[in-house]
>>> print(open('upload28.cif').read())   # mmCIF, C-alpha atoms
data_start
#
loop_
_atom_site.label_atom_id
_atom_site.label_comp_id
_atom_site.auth_asym_id
_atom_site.auth_seq_id
_atom_site.Cartn_x
_atom_site.Cartn_y
_atom_site.Cartn_z
CA MET D 178 -31.21 48.67 27.04
CA THR D 179 -34.19 46.48 27.90
CA ALA D 180 -33.86 42.73 28.45
CA LEU D 181 -35.36 42.11 24.99
CA GLU D 182 -32.88 44.50 23.38
CA ARG D 183 -30.00 42.67 25.06
CA VAL D 184 -31.27 39.30 23.82
CA ARG D 185 -31.78 40.71 20.33
CA ALA D 186 -28.23 42.12 20.25
CA ALA D 187 -26.85 38.77 21.43
CA SER D 188 -28.91 36.92 18.80
CA VAL D 189 -27.60 39.14 16.00
CA TYR D 190 -24.00 38.55 17.09
CA ILE D 191 -24.45 34.79 17.48
CA GLY D 192 -26.30 34.49 14.18
CA ALA D 193 -23.47 36.28 12.40
CA ILE D 194 -20.88 33.87 13.83
CA VAL D 195 -22.65 30.59 13.04
CA GLY D 196 -22.52 30.46 9.26
CA ALA D 197 -22.79 27.57 6.82
CA GLY D 198 -19.30 26.25 7.52
CA PHE D 199 -20.06 26.15 11.22
CA ALA D 200 -23.42 24.39 10.86
CA THR D 201 -22.19 21.70 8.48
CA GLY D 202 -19.40 20.84 10.93
CA LYS D 203 -16.71 21.05 8.25
CA GLU D 204 -15.26 24.28 9.60
CA ILE D 205 -15.13 22.97 13.18
CA ILE D 206 -13.46 19.69 12.15
CA LEU D 207 -10.97 21.60 10.00
CA PHE D 208 -9.75 23.61 13.00
CA PHE D 209 -10.34 21.25 15.93
CA GLY D 210 -10.60 17.78 14.42
CA ASP D 211 -7.20 16.61 15.65
CA GLY D 212 -7.76 17.93 19.18
CA GLY D 213 -10.16 17.50 22.08
CA TYR D 214 -13.50 19.05 22.96
CA LEU D 215 -12.02 21.62 25.38
CA ALA D 216 -10.66 23.69 22.48
CA PRO D 217 -14.03 24.33 20.76
CA LEU D 218 -15.70 24.74 24.15
CA VAL D 219 -13.25 27.45 25.28
CA THR D 220 -13.01 29.07 21.83
CA GLY D 221 -16.80 29.35 21.61
CA ALA D 222 -16.86 31.09 24.99
CA ALA D 223 -14.07 33.44 23.88
CA MET D 224 -15.96 34.30 20.68
CA GLY D 225 -18.99 35.15 22.79
CA LEU D 226 -17.06 37.32 25.22
CA CYS D 227 -15.62 39.25 22.27
CA SER D 228 -19.09 40.70 21.74
CA SER D 229 -18.40 42.79 24.85
CA LEU D 230 -15.12 43.92 23.29
CA PHE D 231 -16.90 45.25 20.20
CA LEU D 232 -19.61 46.87 22.31
CA CYS D 233 -16.86 48.70 24.22
CA VAL D 234 -15.33 49.79 20.91
CA GLY D 235 -18.70 51.16 19.83
CA LYS D 236 -19.03 53.01 23.12
CA LEU D 237 -15.54 54.47 22.73
CA GLY D 238 -16.27 55.54 19.16
CA ALA D 239 -19.45 57.34 20.23
CA GLN D 240 -17.58 59.16 23.01
CA LEU D 241 -14.76 60.25 20.72
CA LYS D 242 -17.27 61.41 18.11
CA ASN D 243 -19.14 63.50 20.67
CA GLU D 244 -15.85 65.02 21.81
CA GLY D 245 -14.93 65.88 18.22
CA LYS D 246 -11.83 63.67 18.22
CA LEU D 247 -12.67 61.69 15.07
CA GLY D 248 -12.22 64.54 12.63
CA GLY D 249 -9.32 65.43 10.36
CA ARG D 250 -8.59 64.64 6.73
CA ALA D 251 -6.20 61.75 7.40
CA ILE D 252 -8.63 60.02 9.77
CA SER D 253 -11.50 60.51 7.31
CA ILE D 254 -9.51 58.93 4.46
CA ALA D 255 -8.45 56.05 6.71
CA LYS D 256 -12.07 55.44 7.72
CA ILE D 257 -13.20 55.39 4.08
CA VAL D 258 -10.54 52.85 3.13
CA PHE D 259 -11.17 50.73 6.24
CA TYR D 260 -14.95 50.61 5.84
CA GLY D 261 -14.59 50.10 2.08
CA ILE D 262 -12.58 46.92 2.64
CA ILE D 263 -15.09 45.72 5.24
CA GLU D 264 -18.00 46.33 2.86
CA ILE D 265 -16.23 44.26 0.21
CA CYS D 266 -16.04 41.43 2.76
CA MET D 267 -19.74 41.85 3.52
CA LEU D 268 -20.53 41.62 -0.19
CA LEU D 269 -18.46 38.46 -0.55
CA THR D 270 -20.12 36.96 2.53
CA MET D 271 -23.62 37.78 1.30
CA THR D 272 -23.08 36.32 -2.15
CA THR D 273 -21.34 33.23 -0.74
CA MET D 274 -24.25 32.55 1.63
CA THR D 275 -26.66 33.00 -1.29
CA GLY D 276 -24.73 30.30 -3.13
CA GLY D 277 -24.91 28.10 -0.04
CA MET D 278 -28.68 28.50 0.16
CA GLN D 279 -28.98 27.38 -3.46
CA ASN D 280 -26.82 24.31 -2.82
CA ILE D 281 -29.05 23.13 0.03
CA PHE D 282 -31.97 22.58 -2.33
CA GLY D 283 -29.95 20.50 -4.77
CA TRP D 284 -28.50 20.92 -8.21
CA THR D 285 -31.74 20.90 -10.19
CA GLN D 286 -32.90 24.18 -11.70
CA THR D 287 -36.04 24.15 -9.55
CA GLY D 288 -34.07 23.42 -6.38
CA ARG D 289 -31.50 26.14 -6.98
CA LEU D 290 -34.23 28.63 -7.84
CA THR D 291 -36.09 27.81 -4.61
CA GLY D 292 -32.97 28.32 -2.49
CA PHE D 293 -32.15 31.51 -4.33
CA LEU D 294 -35.64 32.97 -3.81
CA ILE D 295 -35.46 32.25 -0.07
CA ALA D 296 -32.09 34.03 0.06
CA LEU D 297 -33.53 36.92 -1.94
CA LEU D 298 -36.44 37.32 0.49
CA CYS D 299 -34.03 37.27 3.45
CA VAL D 300 -31.91 40.00 1.86
CA ALA D 301 -34.99 42.11 1.05
CA PHE D 302 -36.26 41.85 4.63
CA SER D 303 -32.80 42.56 6.07
CA SER D 304 -32.56 45.79 4.07
CA ALA D 305 -35.12 47.26 6.47
CA GLY D 306 -32.33 47.61 9.03
CA ALA D 307 -31.19 46.45 12.44
CA LYS D 308 -34.65 45.68 13.81
CA ALA D 309 -35.44 43.38 10.89
CA VAL D 310 -32.15 41.49 11.29
CA GLY D 311 -32.78 41.32 15.04
CA ARG D 312 -36.19 39.74 14.45
CA ILE D 313 -34.76 37.19 12.00
CA ASN D 314 -31.99 36.11 14.34
CA LEU D 315 -34.15 36.28 17.47
CA ALA D 316 -36.46 33.75 15.84
CA LEU D 317 -33.85 31.49 14.22
CA VAL D 318 -30.94 31.34 16.71
CA PRO D 319 -32.93 29.54 19.47
CA VAL D 320 -34.19 27.02 16.89
CA LEU D 321 -30.63 26.43 15.69
CA PHE D 322 -29.45 25.94 19.27
CA LEU D 323 -32.12 23.30 19.91
CA LEU D 324 -31.35 21.48 16.64
CA LEU D 325 -27.63 21.34 17.45
CA ALA D 326 -28.40 20.11 20.97
CA LEU D 327 -30.55 17.33 19.45
CA LEU D 328 -27.73 16.31 17.10
CA PHE D 329 -25.33 16.25 20.05
CA PHE D 330 -27.54 13.74 21.85
CA LYS D 331 -27.88 11.69 18.65
CA SER D 332 -24.08 11.42 18.29
CA SER D 333 -21.84 8.74 19.79
CA LYS D 334 -20.04 11.34 22.00
CA CYS D 335 -16.76 9.44 21.60
CA VAL D 336 -14.50 12.45 22.12
CA GLU D 337 -11.69 13.29 24.54
CA PRO D 338 -11.05 16.65 26.26
CA LEU D 339 -7.43 17.03 25.08
CA PRO D 340 -5.19 17.98 23.28
CA PHE D 341 -5.72 21.73 23.12
CA ASP D 342 -4.11 23.66 20.23
CA THR D 343 -3.97 27.32 21.31
CA LEU D 344 -2.86 28.63 17.91
CA LYS D 345 -5.73 26.98 16.04
CA SER D 346 -8.17 28.32 18.60
CA ALA D 347 -6.79 31.85 18.15
CA ASN D 348 -6.99 31.57 14.35
CA TYR D 349 -10.58 30.35 14.49
CA LEU D 350 -11.49 33.10 16.91
CA SER D 351 -10.09 35.81 14.62
CA MET D 352 -11.64 34.36 11.46
CA ASN D 353 -15.17 34.55 12.85
CA MET D 354 -15.13 38.03 14.35
CA LEU D 355 -15.63 40.30 11.34
CA LEU D 356 -19.38 40.18 10.70
CA GLY D 357 -20.31 39.80 14.37
CA GLY D 358 -18.10 42.73 15.31
CA CYS D 359 -19.47 44.97 12.56
CA LEU D 360 -23.05 44.31 13.63
CA THR D 361 -22.43 44.59 17.38
CA VAL D 362 -20.28 47.69 17.49
CA LYS D 363 -23.21 50.02 16.81
CA ASP D 364 -25.14 48.69 19.80
CA GLY D 365 -22.24 49.83 21.97
CA GLU D 366 -23.19 53.46 21.35
CA ARG D 367 -26.19 53.13 23.68
CA ALA D 368 -25.07 50.22 25.87
CA LYS D 369 -24.21 50.71 29.52
CA GLY D 370 -21.66 48.67 31.45
CA LYS D 371 -24.24 46.17 32.70
CA ASP D 372 -25.63 45.77 29.16
CA ILE D 373 -22.17 45.02 27.81
CA ALA D 374 -21.53 42.45 30.53
CA ALA D 375 -24.93 40.75 30.13
CA ILE D 376 -24.66 40.47 26.34
CA GLY D 377 -21.12 39.11 26.59
CA ILE D 378 -22.15 36.43 29.09
CA VAL D 379 -25.16 35.31 27.02
CA CYS D 380 -23.09 35.13 23.84
CA ALA D 381 -20.30 33.24 25.63
CA VAL D 382 -22.62 30.59 27.09
CA VAL D 383 -24.59 30.04 23.88
CA LEU D 384 -21.63 30.00 21.49
CA SER D 385 -19.60 27.76 23.79
CA ALA D 386 -22.43 25.22 23.91
CA MET D 387 -23.15 25.42 20.17
CA THR D 388 -19.50 25.01 19.18
CA PHE D 389 -19.21 22.06 21.54
CA PHE D 390 -22.39 20.47 20.16
CA VAL D 391 -21.18 20.79 16.56
CA TYR D 392 -17.71 19.45 17.37
CA VAL D 393 -19.02 16.35 19.13
CA ALA D 394 -21.66 15.64 16.47
CA ALA D 395 -19.28 16.25 13.56
CA SER D 396 -16.61 14.01 15.13
CA ASP D 397 -18.67 10.95 14.17
CA TYR D 398 -18.00 11.68 10.47
CA PRO D 399 -14.82 13.78 10.38
CA ARG D 400 -13.92 12.90 6.76
CA SER D 401 -17.26 13.90 5.33
CA ASP D 402 -17.66 17.14 3.35
CA MET D 403 -20.68 17.86 5.58
CA PRO D 404 -20.22 15.91 8.84
CA ILE D 405 -23.45 17.15 10.44
CA TYR D 406 -25.50 16.18 7.40
CA SER D 407 -23.85 12.75 7.34
CA LEU D 408 -24.85 12.21 10.98
CA CYS D 409 -28.42 13.30 10.22
CA ARG D 410 -28.65 10.96 7.26
CA ALA D 411 -27.30 8.05 9.33
CA CYS D 412 -30.01 8.72 11.92
CA GLY D 413 -32.72 8.98 9.26
CA LEU D 414 -32.92 12.74 9.74
CA GLY D 415 -31.52 14.02 6.44
CA ALA D 416 -34.00 16.89 6.27
CA LEU D 417 -32.89 18.04 9.72
CA GLY D 418 -29.34 18.53 8.45
CA ALA D 419 -30.59 20.71 5.60
CA VAL D 420 -32.77 22.77 7.96
CA THR D 421 -29.90 23.26 10.42
CA THR D 422 -27.53 24.46 7.69
CA GLY D 423 -30.24 26.60 6.10
CA ILE D 424 -30.96 28.45 9.35
CA ALA D 425 -27.26 29.14 9.89
CA ILE D 426 -26.95 30.48 6.34
CA LEU D 427 -29.97 32.77 6.76
CA THR D 428 -28.73 34.31 10.02
CA THR D 429 -25.34 35.07 8.46
CA LEU D 430 -26.94 36.27 5.23
CA ALA D 431 -29.21 38.66 7.13
CA GLY D 432 -26.28 40.15 9.01
CA ALA D 433 -24.11 40.58 5.92
CA ALA D 434 -26.97 42.17 3.96
CA LYS D 435 -27.69 44.60 6.79
CA SER D 436 -24.03 45.60 7.15
CA LEU D 437 -23.61 46.03 3.39
CA GLY D 438 -26.85 48.01 3.29
CA ASP D 439 -25.49 50.40 5.92
CA GLY D 440 -22.48 51.05 3.70
CA ILE D 441 -24.66 51.73 0.67
CA TYR D 442 -26.95 53.99 2.71
CA ALA D 443 -23.94 56.13 3.70
CA LEU D 444 -23.40 56.84 -0.01
CA VAL D 445 -27.03 56.95 -1.14
CA PRO D 446 -29.33 57.79 1.82
CA SER D 447 -32.44 56.13 0.41
CA LYS D 448 -34.03 52.93 1.73
CA THR D 449 -35.43 52.17 -1.72
CA ALA D 450 -32.00 52.55 -3.31
CA VAL D 451 -30.42 50.34 -0.63
CA THR D 452 -32.99 47.57 -1.11
CA SER D 453 -32.68 47.77 -4.90
CA ALA D 454 -28.89 47.62 -4.77
CA LEU D 455 -28.89 44.64 -2.40
CA LEU D 456 -31.38 42.74 -4.54
CA LEU D 457 -29.35 43.41 -7.71
CA LEU D 458 -26.16 42.23 -6.00
CA THR D 459 -27.98 39.10 -4.84
CA LEU D 460 -29.29 38.46 -8.35
CA ALA D 461 -25.72 38.61 -9.62
CA SER D 462 -24.84 35.65 -7.39
CA TYR D 463 -27.46 33.31 -8.85
CA GLY D 464 -25.87 29.98 -9.76
CA TRP D 465 -22.73 30.49 -7.65
CA ASP D 466 -21.02 27.39 -6.37
CA PHE D 467 -20.79 27.58 -2.58
CA THR D 468 -17.63 25.50 -2.16
CA GLU D 469 -15.70 27.42 -4.82
CA ALA D 470 -16.84 30.74 -3.35
CA VAL D 471 -15.66 29.72 0.13
CA ASN D 472 -12.26 28.59 -1.17
CA LEU D 473 -11.87 31.79 -3.19
CA PHE D 474 -13.17 34.45 -0.78
CA TYR D 475 -12.69 33.18 2.75
CA PRO D 476 -8.89 33.53 2.93
CA PHE D 477 -9.28 37.24 2.14
CA ILE D 478 -12.15 37.63 4.64
CA ALA D 479 -10.14 35.81 7.32
CA ALA D 480 -7.15 38.10 6.78
CA VAL D 481 -9.32 41.24 7.07
CA ALA D 482 -11.05 39.79 10.14
CA SER D 483 -7.71 39.31 11.89
CA GLY D 484 -6.84 42.95 11.22
CA VAL D 485 -10.20 44.18 12.51
CA PHE D 486 -9.85 42.05 15.63
CA ALA D 487 -6.39 43.54 16.30
CA LEU D 488 -7.77 47.06 15.85
CA ALA D 489 -10.61 46.29 18.25
CA PHE D 490 -8.13 45.26 20.92
CA ALA D 491 -6.12 48.44 20.28
CA ALA D 492 -9.27 50.58 20.52
CA LEU D 493 -10.24 48.93 23.79
CA ALA D 494 -6.75 49.57 25.17
CA VAL D 495 -7.09 53.24 24.21
CA TYR D 496 -10.51 53.35 25.87
CA ALA D 497 -9.20 51.82 29.10
CA LEU D 498 -6.17 54.13 29.11
CA SER D 499 -8.26 57.24 28.48
CA ARG D 500 -10.60 56.30 31.34
CA ARG D 501 -7.64 55.83 33.67
CA ILE D 502 -6.10 59.17 32.64
CA LYS D 503 -9.41 60.98 33.20
CA LYS D 504 -9.80 59.45 36.66
CA PHE D 505 -6.22 60.36 37.54
CA SER D 506 -6.66 63.94 36.31
CA TYR D 507 -9.91 64.30 38.23
CA ALA D 508 -8.26 63.01 41.41
CA ARG D 509 -5.37 65.47 41.02
CA LYS D 510 -7.76 68.38 40.58
CA LYS D 511 -9.65 67.45 43.75
CA GLU D 512 -6.35 67.45 45.66
#
>>> encode(input="upload28.cif", output="structure tokens")
Amino acid sequence: MTALERVRAASVYIGAIVGAGFATGKEIILFFGDGGYLAPLVTGAAMGLCSSLFLCVGKLGAQLKNEGKLGGRAISIAKIVFYGIIEICMLLTMTTMTGGMQNIFGWTQTGRLTGFLIALLCVAFSSAGAKAVGRINLALVPVLFLLLALLFFKSSKCVEPLPFDTLKSANYLSMNMLLGGCLTVKDGERAKGKDIAAIGIVCAVVLSAMTFFVYVAASDYPRSDMPIYSLCRACGLGALGAVTTGIAILTTLAGAAKSLGDGIYALVPSKTAVTSALLLLTLASYGWDFTEAVNLFYPFIAAVASGVFALAFAALAVYALSRRIKKFSYARKKE
């Protein structure tokens, strides 16, 4: 992988993690609001390092496929069920983010239509595949990072390092892994060890800083429905809050649309059909209420994400064990 490909892979993963709940600060306050800043700082780094985990899983999957060890009727059925559930989560994520984009522009018919059309264009562009999503996130993630850094410096910074709730950190980590993992795992097929390490380090540093920035900024208005927007409005920067949330929604929307499109393409291998299906599904979400969608869908998505995260750890353990067995067998043969 080239340096640009590594940065693009990292941007796709980061963009998938930082959704609307993250950018508004509500999600961060919900999990870390009664603790100190060390928890979001460490959890952000852990989320970033998990990109390496999913890259390793992708590498393992490619090896097993080449060795013909992913065949069999039972495994095929299990894969269909597993990926079917994930695609449902991607659909729910895509439509929820579409609702969030509409909410940003207000409750008027013109405002909602504007937000919806922007979401529709993002979905249409994302249907082109991984390169398109990479370009979207490569452009938007650095802007989002700078905006969050600005909000951090605008905040009062009246936060303490402790306490640290390990369970809440683990729950937050698991909840955010699904989309990022789904998008990153395919890059593992062509990633080498140094690529995996470099991407993991970049993701860890950036996500750790971004989570920390949001936590500190949101802590000024912890009881607000949108703490970051409340801080922006207090500083006379209301539009900045909308832009920050909008960018986070678009990066997540692009990733969900791409992942869902991959699932549709496996059934109907036609780019035109994939784009048409994605646009029709997006049209069906016109007028959705973002808050209600989050409350309705996110518990299910979080539960699936926890299962996927557990499977990723298991797959990595299998990968490490198989490598050790091969090395041991090779050493015995040489003797």
>>> resolve_selection(input="upload28.cif", expression="the PyMOL selection byres ((chain D and resi 481) around 10)", output="list in words")
Phe259, Ile262, Ile263, Cys266, Ser351, Met352, Met354, Leu355, Tyr475, Pro476, Phe477, Ile478, Ala479, Ala480, Ala482, Ser483, Gly484, Val485, Phe486 and Ala487 of chain D
>>> resolve_selection(input="upload28.cif", expression="the PyMOL selection byres ((chain D and resi 286-293) around 9)", output="PyMOL selection string")
chain D and resi 275-285+294-298+459-460+462-464
>>> write_last_selection(input="upload28.cif", atoms="C-alpha atoms", output="PDB file, in the coordinates of the input")
ATOM      1  CA  THR D 275     -26.660  33.000  -1.290  1.00  0.00           C
ATOM      2  CA  GLY D 276     -24.730  30.300  -3.130  1.00  0.00           C
ATOM      3  CA  GLY D 277     -24.910  28.100  -0.040  1.00  0.00           C
ATOM      4  CA  MET D 278     -28.680  28.500   0.160  1.00  0.00           C
ATOM      5  CA  GLN D 279     -28.980  27.380  -3.460  1.00  0.00           C
ATOM      6  CA  ASN D 280     -26.820  24.310  -2.820  1.00  0.00           C
ATOM      7  CA  ILE D 281     -29.050  23.130   0.030  1.00  0.00           C
ATOM      8  CA  PHE D 282     -31.970  22.580  -2.330  1.00  0.00           C
ATOM      9  CA  GLY D 283     -29.950  20.500  -4.770  1.00  0.00           C
ATOM     10  CA  TRP D 284     -28.500  20.920  -8.210  1.00  0.00           C
ATOM     11  CA  THR D 285     -31.740  20.900 -10.190  1.00  0.00           C
ATOM     12  CA  LEU D 294     -35.640  32.970  -3.810  1.00  0.00           C
ATOM     13  CA  ILE D 295     -35.460  32.250  -0.070  1.00  0.00           C
ATOM     14  CA  ALA D 296     -32.090  34.030   0.060  1.00  0.00           C
ATOM     15  CA  LEU D 297     -33.530  36.920  -1.940  1.00  0.00           C
ATOM     16  CA  LEU D 298     -36.440  37.320   0.490  1.00  0.00           C
ATOM     17  CA  THR D 459     -27.980  39.100  -4.840  1.00  0.00           C
ATOM     18  CA  LEU D 460     -29.290  38.460  -8.350  1.00  0.00           C
ATOM     19  CA  SER D 462     -24.840  35.650  -7.390  1.00  0.00           C
ATOM     20  CA  TYR D 463     -27.460  33.310  -8.850  1.00  0.00           C
ATOM     21  CA  GLY D 464     -25.870  29.980  -9.760  1.00  0.00           C
TER      22      GLY D 464
END
>>> residues_around(input="upload28.cif", residues="region 322-331 of chain D", least_positions_apart="6", cutoff="10 Å", atoms="all atoms listed in the file", output="list in words")
Ala200, Val383, Leu384, Ala386, Met387, Thr388, Phe389, Phe390, Val391, Tyr392, Val393, Ala394, Ala395, Ile405, Tyr406, Leu408, Cys409, Cys412, Leu414, Leu417, Gly418, Val420 and Thr421 of chain D
>>> atom_distance(input="upload28.cif", atom1="CA of Ala494 (chain D)", atom2="CA of Ala347 (chain D)")
19.1 Å
>>> resolve_selection(input="upload28.cif", expression="the PyMOL selection byres ((chain D and resi 429) around 8)", output="ChimeraX atom specification")
/D:192-196,271,274,425-428,430-433
>>> atom_distance(input="upload28.cif", atom1="CA of Cys335 (chain D)", atom2="CA of Ser385 (chain D)")
18.7 Å
>>> atom_distance(input="upload28.cif", atom1="CA of Lys435 (chain D)", atom2="CA of Leu317 (chain D)")
16.3 Å
>>> residues_around(input="upload28.cif", residues="region 367-382 of chain D", least_positions_apart="4", cutoff="10 Å", atoms="all atoms listed in the file", output="MDAnalysis selection string")
chainID D and resid 178:180 182:191 218:233 235:236 239 362:363 386:387
>>> closest_residue(input="upload28.cif", among="D:Val300, D:Lys334, D:Leu360, D:Lys503", to="Ser453 (chain D)", atoms="only C-alpha atoms")
D:Val300
>>> residues_around(input="upload28.cif", residues="region 204-211 of chain D", least_positions_apart="3", cutoff="9 Å", atoms="all atoms listed in the file", output="JSON list (two decimals) with C-alpha atoms, in the frame of the given file")
[["chain", "number", "residue", "atom", "x", "y", "z"],
["D", 197, "ALA", "CA", -22.79, 27.57, 6.82],
["D", 198, "GLY", "CA", -19.30, 26.25, 7.52],
["D", 199, "PHE", "CA", -20.06, 26.15, 11.22],
["D", 200, "ALA", "CA", -23.42, 24.39, 10.86],
["D", 201, "THR", "CA", -22.19, 21.70, 8.48],
["D", 214, "TYR", "CA", -13.50, 19.05, 22.96],
["D", 216, "ALA", "CA", -10.66, 23.69, 22.48],
["D", 217, "PRO", "CA", -14.03, 24.33, 20.76],
["D", 340, "PRO", "CA", -5.19, 17.98, 23.28],
["D", 341, "PHE", "CA", -5.72, 21.73, 23.12],
["D", 342, "ASP", "CA", -4.11, 23.66, 20.23],
["D", 345, "LYS", "CA", -5.73, 26.98, 16.04],
["D", 346, "SER", "CA", -8.17, 28.32, 18.60],
["D", 348, "ASN", "CA", -6.99, 31.57, 14.35],
["D", 349, "TYR", "CA", -10.58, 30.35, 14.49],
["D", 388, "THR", "CA", -19.50, 25.01, 19.18],
["D", 391, "VAL", "CA", -21.18, 20.79, 16.56],
["D", 392, "TYR", "CA", -17.71, 19.45, 17.37],
["D", 395, "ALA", "CA", -19.28, 16.25, 13.56],
["D", 396, "SER", "CA", -16.61, 14.01, 15.13],
["D", 399, "PRO", "CA", -14.82, 13.78, 10.38],
["D", 400, "ARG", "CA", -13.92, 12.90, 6.76],
["D", 404, "PRO", "CA", -20.22, 15.91, 8.84]]
>>> closest_residue(input="upload28.cif", among="D:Trp465, D:Gly438, D:Leu321, D:Pro446", to="Thr273 (chain D)", atoms="all atoms listed in the file")
D:Trp465
>>> closest_residue(input="upload28.cif", among="D:Ala419, D:Phe302, D:Gly440, D:Leu237", to="Leu498 (chain D)", atoms="only C-alpha atoms")
D:Leu237
>>> closest_residue(input="upload28.cif", among="D:Leu181, D:Met403, D:Ala309, D:Val258", to="Ala434 (chain D)", atoms="only C-alpha atoms")
D:Ala309
>>> closest_residue(input="upload28.cif", among="D:Leu488, D:Leu455, D:Ala470, D:Leu315", to="Ile441 (chain D)", atoms="all atoms listed in the file")
D:Leu455
>>> decode(input="upload28.cif", residues="region 453-471 of chain D", atoms="N, CA and C atoms", output="mmCIF file, in the first residue's frame")
data_model
loop_
_atom_site.group_PDB
_atom_site.id
_atom_site.type_symbol
_atom_site.label_atom_id
_atom_site.label_comp_id
_atom_site.auth_asym_id
_atom_site.auth_seq_id
_atom_site.Cartn_x
_atom_site.Cartn_y
_atom_site.Cartn_z
ATOM 1 N N SER D 453 -29.357 2.487 -8.162
ATOM 2 C CA SER D 453 -30.811 2.662 -8.154
ATOM 3 C C SER D 453 -31.431 2.184 -6.848
ATOM 4 N N ALA D 454 -30.966 1.023 -6.373
ATOM 5 C CA ALA D 454 -31.494 0.473 -5.121
ATOM 6 C C ALA D 454 -31.178 1.383 -3.944
ATOM 7 N N LEU D 455 -29.942 1.884 -3.885
ATOM 8 C CA LEU D 455 -29.538 2.762 -2.791
ATOM 9 C C LEU D 455 -30.343 4.062 -2.798
ATOM 10 N N LEU D 456 -30.566 4.605 -3.981
ATOM 11 C CA LEU D 456 -31.330 5.855 -4.076
ATOM 12 C C LEU D 456 -32.791 5.639 -3.672
ATOM 13 N N LEU D 457 -33.360 4.503 -4.060
ATOM 14 C CA LEU D 457 -34.744 4.194 -3.670
ATOM 15 C C LEU D 457 -34.860 4.008 -2.163
ATOM 16 N N LEU D 458 -33.884 3.338 -1.555
ATOM 17 C CA LEU D 458 -33.893 3.142 -0.106
ATOM 18 C C LEU D 458 -33.728 4.479 0.622
ATOM 19 N N THR D 459 -32.922 5.367 0.045
ATOM 20 C CA THR D 459 -32.750 6.699 0.634
ATOM 21 C C THR D 459 -34.038 7.501 0.513
ATOM 22 N N LEU D 460 -34.691 7.409 -0.625
ATOM 23 C CA LEU D 460 -35.967 8.110 -0.823
ATOM 24 C C LEU D 460 -37.008 7.671 0.200
ATOM 25 N N ALA D 461 -36.963 6.389 0.559
ATOM 26 C CA ALA D 461 -37.927 5.864 1.529
ATOM 27 C C ALA D 461 -37.747 6.472 2.911
ATOM 28 N N SER D 462 -36.559 7.052 3.173
ATOM 29 C CA SER D 462 -36.292 7.616 4.494
ATOM 30 C C SER D 462 -36.556 9.120 4.551
ATOM 31 N N TYR D 463 -37.131 9.665 3.517
ATOM 32 C CA TYR D 463 -37.439 11.108 3.534
ATOM 33 C C TYR D 463 -38.452 11.419 4.642
ATOM 34 N N GLY D 464 -38.142 12.405 5.447
ATOM 35 C CA GLY D 464 -39.043 12.818 6.520
ATOM 36 C C GLY D 464 -38.834 12.082 7.827
ATOM 37 N N TRP D 465 -37.826 11.186 7.885
ATOM 38 C CA TRP D 465 -37.593 10.440 9.125
ATOM 39 C C TRP D 465 -37.114 11.371 10.229
ATOM 40 N N ASP D 466 -37.533 11.082 11.433
ATOM 41 C CA ASP D 466 -37.069 11.828 12.594
ATOM 42 C C ASP D 466 -35.797 11.177 13.130
ATOM 43 N N PHE D 467 -34.719 11.943 13.171
ATOM 44 C CA PHE D 467 -33.413 11.411 13.543
ATOM 45 C C PHE D 467 -33.403 10.835 14.960
ATOM 46 N N THR D 468 -33.942 11.571 15.922
ATOM 47 C CA THR D 468 -33.914 11.135 17.319
ATOM 48 C C THR D 468 -34.681 9.833 17.504
ATOM 49 N N GLU D 469 -35.870 9.747 16.904
ATOM 50 C CA GLU D 469 -36.668 8.526 17.022
ATOM 51 C C GLU D 469 -35.964 7.349 16.351
ATOM 52 N N ALA D 470 -35.327 7.604 15.219
ATOM 53 C CA ALA D 470 -34.613 6.531 14.516
ATOM 54 C C ALA D 470 -33.454 6.002 15.354
ATOM 55 N N VAL D 471 -32.715 6.923 15.996
ATOM 56 C CA VAL D 471 -31.599 6.514 16.854
ATOM 57 C C VAL D 471 -32.097 5.658 18.013
#
